[in-house]
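To be precise, the following lines are final09.txt, and they hold compact mmCIF, N, CA and C atoms.
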```
# COMPACT_ATOMS: atom_id res chain seq x y z
N PRO A 10 0.97 -8.07 14.64
CA PRO A 10 1.19 -9.16 13.67
C PRO A 10 2.60 -9.10 13.08
N THR A 11 3.11 -10.26 12.71
CA THR A 11 4.42 -10.30 12.06
C THR A 11 4.26 -9.83 10.62
N ILE A 12 5.37 -9.51 9.96
CA ILE A 12 5.33 -9.07 8.58
C ILE A 12 4.75 -10.17 7.68
N ASP A 13 5.05 -11.43 7.98
CA ASP A 13 4.49 -12.54 7.19
C ASP A 13 2.97 -12.60 7.33
N GLU A 14 2.45 -12.38 8.55
CA GLU A 14 1.00 -12.36 8.76
C GLU A 14 0.35 -11.19 8.03
N ILE A 15 1.03 -10.05 8.03
CA ILE A 15 0.52 -8.87 7.31
C ILE A 15 0.45 -9.15 5.82
N LEU A 16 1.51 -9.75 5.27
CA LEU A 16 1.55 -10.02 3.83
C LEU A 16 0.47 -11.01 3.40
N VAL A 17 0.21 -12.03 4.20
CA VAL A 17 -0.81 -13.03 3.87
C VAL A 17 -2.20 -12.39 3.87
N ALA A 18 -2.39 -11.39 4.72
CA ALA A 18 -3.70 -10.74 4.85
C ALA A 18 -3.82 -9.47 4.00
N SER A 19 -2.87 -9.25 3.10
CA SER A 19 -2.86 -8.03 2.29
C SER A 19 -3.12 -8.33 0.82
N VAL A 20 -3.65 -7.32 0.13
CA VAL A 20 -3.96 -7.43 -1.29
C VAL A 20 -3.33 -6.25 -2.01
N ASP A 21 -2.63 -6.54 -3.12
CA ASP A 21 -2.06 -5.49 -3.95
C ASP A 21 -3.10 -5.04 -4.96
N ILE A 22 -3.27 -3.74 -5.06
CA ILE A 22 -4.12 -3.16 -6.10
C ILE A 22 -3.18 -2.63 -7.17
N PRO A 23 -3.21 -3.21 -8.38
CA PRO A 23 -2.29 -2.79 -9.43
C PRO A 23 -2.50 -1.31 -9.77
N GLU A 24 -1.52 -0.74 -10.44
CA GLU A 24 -1.56 0.68 -10.76
C GLU A 24 -2.85 1.07 -11.49
N ILE A 25 -3.46 2.13 -10.99
CA ILE A 25 -4.66 2.70 -11.59
C ILE A 25 -4.30 4.09 -12.07
N THR A 26 -4.67 4.40 -13.31
CA THR A 26 -4.50 5.74 -13.85
C THR A 26 -5.88 6.30 -14.11
N THR A 27 -6.17 7.45 -13.52
CA THR A 27 -7.49 8.05 -13.69
C THR A 27 -7.41 9.57 -13.63
N ASN A 28 -8.43 10.21 -14.15
CA ASN A 28 -8.50 11.67 -14.16
C ASN A 28 -8.91 12.20 -12.80
N LEU A 29 -8.35 13.33 -12.46
CA LEU A 29 -8.77 14.06 -11.27
C LEU A 29 -9.80 15.12 -11.70
N ALA A 30 -10.43 15.75 -10.73
CA ALA A 30 -11.46 16.75 -11.03
C ALA A 30 -10.89 18.00 -11.70
N ASP A 31 -9.59 18.25 -11.54
CA ASP A 31 -8.98 19.46 -12.09
C ASP A 31 -8.27 19.23 -13.43
N LYS A 32 -8.70 18.24 -14.17
CA LYS A 32 -8.18 17.94 -15.51
C LYS A 32 -6.76 17.35 -15.51
N ARG A 33 -6.23 17.08 -14.36
CA ARG A 33 -4.96 16.37 -14.25
C ARG A 33 -5.27 14.89 -14.13
N TYR A 34 -4.23 14.07 -14.08
CA TYR A 34 -4.48 12.66 -13.82
C TYR A 34 -3.48 12.13 -12.82
N VAL A 35 -3.86 11.04 -12.18
CA VAL A 35 -3.04 10.42 -11.15
C VAL A 35 -2.81 8.96 -11.51
N LYS A 36 -1.60 8.50 -11.22
CA LYS A 36 -1.27 7.08 -11.26
C LYS A 36 -1.02 6.68 -9.82
N ILE A 37 -1.74 5.66 -9.37
CA ILE A 37 -1.61 5.26 -7.97
C ILE A 37 -1.67 3.74 -7.86
N GLN A 38 -0.88 3.22 -6.94
CA GLN A 38 -0.86 1.79 -6.66
C GLN A 38 -0.99 1.65 -5.15
N LEU A 39 -1.76 0.66 -4.71
CA LEU A 39 -2.04 0.49 -3.29
C LEU A 39 -1.78 -0.93 -2.82
N LYS A 40 -1.54 -1.06 -1.53
CA LYS A 40 -1.56 -2.36 -0.84
C LYS A 40 -2.53 -2.17 0.31
N ILE A 41 -3.49 -3.09 0.40
CA ILE A 41 -4.52 -2.98 1.43
C ILE A 41 -4.36 -4.14 2.41
N GLN A 42 -4.17 -3.79 3.68
CA GLN A 42 -3.99 -4.78 4.73
C GLN A 42 -5.31 -5.03 5.43
N THR A 43 -5.69 -6.31 5.55
CA THR A 43 -6.89 -6.69 6.27
C THR A 43 -6.51 -7.32 7.60
N ASN A 44 -7.51 -7.72 8.36
CA ASN A 44 -7.23 -8.28 9.68
C ASN A 44 -7.07 -9.79 9.69
N SER A 45 -7.25 -10.46 8.52
CA SER A 45 -7.08 -11.92 8.50
C SER A 45 -6.87 -12.40 7.07
N GLU A 46 -6.38 -13.61 6.94
CA GLU A 46 -6.19 -14.21 5.63
C GLU A 46 -7.53 -14.35 4.90
N GLU A 47 -8.58 -14.72 5.63
CA GLU A 47 -9.90 -14.86 5.03
C GLU A 47 -10.40 -13.52 4.49
N ALA A 48 -10.19 -12.46 5.26
CA ALA A 48 -10.60 -11.12 4.80
C ALA A 48 -9.80 -10.72 3.56
N GLY A 49 -8.53 -11.08 3.53
CA GLY A 49 -7.70 -10.81 2.36
C GLY A 49 -8.22 -11.52 1.12
N GLN A 50 -8.68 -12.75 1.31
CA GLN A 50 -9.25 -13.51 0.18
C GLN A 50 -10.54 -12.86 -0.31
N GLU A 51 -11.37 -12.42 0.62
CA GLU A 51 -12.61 -11.73 0.22
C GLU A 51 -12.28 -10.44 -0.53
N LEU A 52 -11.32 -9.68 -0.01
CA LEU A 52 -10.94 -8.43 -0.65
C LEU A 52 -10.41 -8.67 -2.07
N ALA A 53 -9.64 -9.73 -2.25
CA ALA A 53 -9.12 -10.06 -3.58
C ALA A 53 -10.27 -10.34 -4.55
N LYS A 54 -11.32 -10.98 -4.08
CA LYS A 54 -12.48 -11.25 -4.93
C LYS A 54 -13.25 -9.98 -5.25
N ARG A 55 -13.17 -9.01 -4.36
CA ARG A 55 -13.89 -7.75 -4.54
C ARG A 55 -13.02 -6.69 -5.25
N ASP A 56 -11.95 -7.11 -5.90
CA ASP A 56 -11.02 -6.14 -6.47
C ASP A 56 -11.68 -5.17 -7.44
N PHE A 57 -12.67 -5.64 -8.22
CA PHE A 57 -13.35 -4.75 -9.16
C PHE A 57 -14.15 -3.67 -8.42
N GLN A 58 -14.73 -4.03 -7.27
CA GLN A 58 -15.47 -3.05 -6.48
C GLN A 58 -14.51 -2.04 -5.84
N VAL A 59 -13.36 -2.53 -5.40
CA VAL A 59 -12.36 -1.66 -4.79
C VAL A 59 -11.81 -0.68 -5.83
N LYS A 60 -11.49 -1.17 -7.01
CA LYS A 60 -10.99 -0.28 -8.07
C LYS A 60 -12.03 0.78 -8.40
N ASN A 61 -13.29 0.39 -8.46
CA ASN A 61 -14.37 1.33 -8.73
C ASN A 61 -14.42 2.42 -7.66
N LEU A 62 -14.32 2.04 -6.39
CA LEU A 62 -14.32 3.01 -5.30
C LEU A 62 -13.14 3.98 -5.42
N ILE A 63 -11.97 3.45 -5.73
CA ILE A 63 -10.77 4.28 -5.85
C ILE A 63 -10.95 5.30 -6.97
N ILE A 64 -11.42 4.84 -8.12
CA ILE A 64 -11.61 5.74 -9.26
C ILE A 64 -12.66 6.79 -8.95
N GLN A 65 -13.76 6.39 -8.34
CA GLN A 65 -14.81 7.36 -7.99
C GLN A 65 -14.28 8.42 -7.03
N GLU A 66 -13.55 7.98 -6.02
CA GLU A 66 -13.04 8.92 -5.03
C GLU A 66 -12.04 9.90 -5.66
N LEU A 67 -11.13 9.36 -6.46
CA LEU A 67 -10.12 10.22 -7.08
C LEU A 67 -10.74 11.19 -8.08
N SER A 68 -11.81 10.80 -8.75
CA SER A 68 -12.43 11.66 -9.75
C SER A 68 -13.05 12.92 -9.13
N GLU A 69 -13.30 12.89 -7.84
CA GLU A 69 -13.84 14.04 -7.12
C GLU A 69 -12.76 14.92 -6.50
N MET A 70 -11.51 14.48 -6.60
CA MET A 70 -10.41 15.18 -5.94
C MET A 70 -9.59 15.98 -6.95
N THR A 71 -8.87 16.96 -6.44
CA THR A 71 -7.94 17.73 -7.26
C THR A 71 -6.52 17.45 -6.79
N GLN A 72 -5.56 17.95 -7.56
CA GLN A 72 -4.17 17.78 -7.15
C GLN A 72 -3.95 18.42 -5.78
N GLU A 73 -4.61 19.52 -5.53
CA GLU A 73 -4.49 20.22 -4.24
C GLU A 73 -5.00 19.35 -3.09
N ASP A 74 -6.10 18.60 -3.32
CA ASP A 74 -6.65 17.71 -2.29
C ASP A 74 -5.66 16.63 -1.88
N LEU A 75 -4.82 16.21 -2.83
CA LEU A 75 -3.87 15.11 -2.59
C LEU A 75 -2.50 15.60 -2.14
N LYS A 76 -2.36 16.91 -2.02
CA LYS A 76 -1.05 17.50 -1.73
C LYS A 76 -0.58 17.16 -0.31
N GLY A 77 0.69 16.85 -0.22
CA GLY A 77 1.31 16.63 1.08
C GLY A 77 0.86 15.37 1.79
N LYS A 78 1.44 15.19 2.96
CA LYS A 78 1.16 14.01 3.78
C LYS A 78 -0.31 13.94 4.18
N GLN A 79 -0.89 15.08 4.57
CA GLN A 79 -2.27 15.10 5.03
C GLN A 79 -3.24 14.70 3.93
N GLY A 80 -3.01 15.16 2.72
CA GLY A 80 -3.88 14.81 1.60
C GLY A 80 -3.90 13.32 1.33
N LYS A 81 -2.73 12.70 1.39
CA LYS A 81 -2.64 11.26 1.16
C LYS A 81 -3.26 10.48 2.31
N GLN A 82 -3.06 10.95 3.54
CA GLN A 82 -3.67 10.28 4.68
C GLN A 82 -5.20 10.38 4.63
N ASN A 83 -5.71 11.51 4.17
CA ASN A 83 -7.17 11.65 4.02
C ASN A 83 -7.71 10.64 3.00
N LEU A 84 -7.00 10.50 1.87
CA LEU A 84 -7.41 9.52 0.86
C LEU A 84 -7.37 8.11 1.44
N GLN A 85 -6.30 7.77 2.14
CA GLN A 85 -6.18 6.43 2.72
C GLN A 85 -7.32 6.15 3.70
N GLN A 86 -7.66 7.11 4.54
CA GLN A 86 -8.72 6.93 5.52
C GLN A 86 -10.08 6.80 4.85
N THR A 87 -10.33 7.61 3.82
CA THR A 87 -11.59 7.53 3.09
C THR A 87 -11.75 6.18 2.43
N LEU A 88 -10.69 5.72 1.76
CA LEU A 88 -10.75 4.42 1.09
C LEU A 88 -10.95 3.29 2.10
N LYS A 89 -10.26 3.37 3.22
CA LYS A 89 -10.40 2.34 4.26
C LYS A 89 -11.85 2.23 4.72
N SER A 90 -12.49 3.34 5.01
CA SER A 90 -13.87 3.28 5.51
C SER A 90 -14.84 2.82 4.42
N GLN A 91 -14.63 3.25 3.17
CA GLN A 91 -15.52 2.84 2.09
C GLN A 91 -15.37 1.35 1.78
N ILE A 92 -14.14 0.85 1.78
CA ILE A 92 -13.93 -0.58 1.51
C ILE A 92 -14.49 -1.42 2.65
N ASN A 93 -14.36 -0.94 3.89
CA ASN A 93 -14.92 -1.67 5.03
C ASN A 93 -16.43 -1.82 4.92
N GLU A 94 -17.10 -0.87 4.27
CA GLU A 94 -18.55 -1.00 4.08
C GLU A 94 -18.89 -2.17 3.17
N LEU A 95 -17.98 -2.54 2.26
CA LEU A 95 -18.19 -3.67 1.36
C LEU A 95 -17.92 -5.01 2.04
N MET A 96 -16.99 -5.01 2.97
CA MET A 96 -16.49 -6.26 3.55
C MET A 96 -17.53 -6.94 4.43
N GLN A 97 -17.60 -8.28 4.30
CA GLN A 97 -18.50 -9.06 5.14
C GLN A 97 -17.72 -9.92 6.14
N ASP A 98 -16.54 -10.42 5.72
CA ASP A 98 -15.72 -11.28 6.58
C ASP A 98 -14.41 -10.56 6.90
N GLY A 99 -14.40 -9.82 7.99
CA GLY A 99 -13.19 -9.12 8.37
C GLY A 99 -13.25 -7.65 7.99
N GLU A 100 -12.10 -7.00 8.15
CA GLU A 100 -12.06 -5.57 7.90
C GLU A 100 -10.69 -5.14 7.40
N VAL A 101 -10.67 -3.97 6.79
CA VAL A 101 -9.42 -3.36 6.34
C VAL A 101 -8.78 -2.67 7.54
N LYS A 102 -7.51 -2.97 7.76
CA LYS A 102 -6.78 -2.35 8.86
C LYS A 102 -6.00 -1.13 8.40
N GLN A 103 -5.47 -1.19 7.16
CA GLN A 103 -4.62 -0.09 6.68
C GLN A 103 -4.60 -0.09 5.16
N VAL A 104 -4.57 1.10 4.58
CA VAL A 104 -4.37 1.27 3.14
C VAL A 104 -3.03 1.95 2.96
N TYR A 105 -2.14 1.33 2.19
CA TYR A 105 -0.81 1.87 1.93
C TYR A 105 -0.73 2.33 0.48
N ILE A 106 -0.17 3.51 0.26
CA ILE A 106 0.10 3.98 -1.10
C ILE A 106 1.51 3.51 -1.42
N THR A 107 1.64 2.65 -2.44
CA THR A 107 2.95 2.09 -2.77
C THR A 107 3.57 2.75 -4.00
N SER A 108 2.77 3.49 -4.76
CA SER A 108 3.27 4.23 -5.91
C SER A 108 2.27 5.35 -6.17
N TYR A 109 2.81 6.55 -6.54
CA TYR A 109 1.94 7.70 -6.68
C TYR A 109 2.58 8.74 -7.58
N ALA A 110 1.84 9.24 -8.55
CA ALA A 110 2.33 10.32 -9.41
C ALA A 110 1.13 11.08 -9.98
N VAL A 111 1.21 12.41 -9.94
CA VAL A 111 0.18 13.26 -10.53
C VAL A 111 0.80 14.03 -11.68
N GLN A 112 0.06 14.13 -12.78
CA GLN A 112 0.52 14.94 -13.92
C GLN A 112 -0.59 15.80 -14.41
```

Full structure transcribed into structure tokens:
Amino acid sequence: PTIDEILVASVDIPEITTNLADKRYVKIQLKIQTNSEEAGQELAKRDFQVKNLIIQELSEMTQEDLKGKQGKQNLQQTLKSQINELMQDGEVKQVYITSYAVQ
């Protein structure tokens, strides 16, 4: 797909700040790419469910779980599969981390 097609089928998840399991907290912002404009519209409507999934997943993780490239890729893959379980029209192709900070 062209970059324009990707952007039309993508949804920005605004910055979420939540606690991690190890008493630290994370600020994270995501862009989620779907396989079609229709799927992107469905995902935008499900934003509250997606935010809930993100917060739940992060609350079980520690700073160590998120460390390095592998930790972030594991989070992206987990979120992709969990969000796909919600989707009825289309699917998530990729989850991108666009901003990230742990304190």

Next item on the list: Check the smallest atom-to-atom distance from each of A:Ser19, A:Lys54, A:Ile41, A:Ile12 to Val104 in chain A using only N, CA and C atoms, then report the winner.
Entry: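 Selected residue with least distance to Val104 in chain A: A:Ile41.
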
Next item on the list: Work out how far CA of Gly80 in chain A is from CA of Gln65 in chain A, in Å to one decimal.
Entry: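 CA of Gly80 in chain A lies 16.3 Å from CA of Gln65 in chain A.
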
Item checked: Point-to-point distance in Å for CA of Thr11 in chain A and CA of Lys60 in chain A -> 27.3 Å

Notebook entry, point to check: Which of range 13-110 of chain A counts as strand (DSSP E) under DSSP, as number ranges by chain please?
Noted result: A: 19-28, 34-43, 101-110

Next item on the list: Just list the residues in range 14-111 of chain A DSSP gives alpha helix (DSSP H) on the backbone, as an MDAnalysis selection string.
Entry: chainID A and resid 14:17 46:54 56:68 77:95

Checklist line | Given only C-alpha atoms as the counted atoms, nearest of A:Ile22, A:Leu84, A:Leu39, A:Ala30 to Phe57 in chain A | finding: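 Of A:Ile22, A:Leu84, A:Leu39, A:Ala30, the one nearest Phe57 in chain A, counting only C-alpha atoms, is A:Ile22.
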
Next item on the list: Please provide as a ChimeraX atom specification all residues within 7 Å of Lys40 in chain A, with the sequence filter that same-chain residues fewer than 2 positions apart are discarded (counting all atoms listed in the file).
Entry: /A:19-22,38,42,103-107

Note to self: So, with only C-alpha atoms as the atoms that count, which of A:Thr87, A:Gln112, A:Gln97, A:Ser45 lies closest to Ile63 in chain A?
What the structure shows: A:Thr87

Next item on the list: Find the distance between atom C of Arg33 in chain A and atom C of Leu88 in chain A and write it in Å to one decimal.
Entry: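 Atom C of Leu88 in chain A lies at a distance of 20.7 Å from atom C of Arg33 in chain A.
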
Notebook entry, point to check: For the point (-6.9, 10.9, -12.7) in file coordinates, what residues are within 12 Å, counting only C-alpha atoms? Give the answer as a ChimeraX atom specification?
Noted result: /A:24-37,63-72,75,109-112

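Residue nearest Gly49 in chain A, chosen from A:Lys81, A:Lys76, A:Ser108, A:Val17 and counting all atoms listed in the file: A:Val17.
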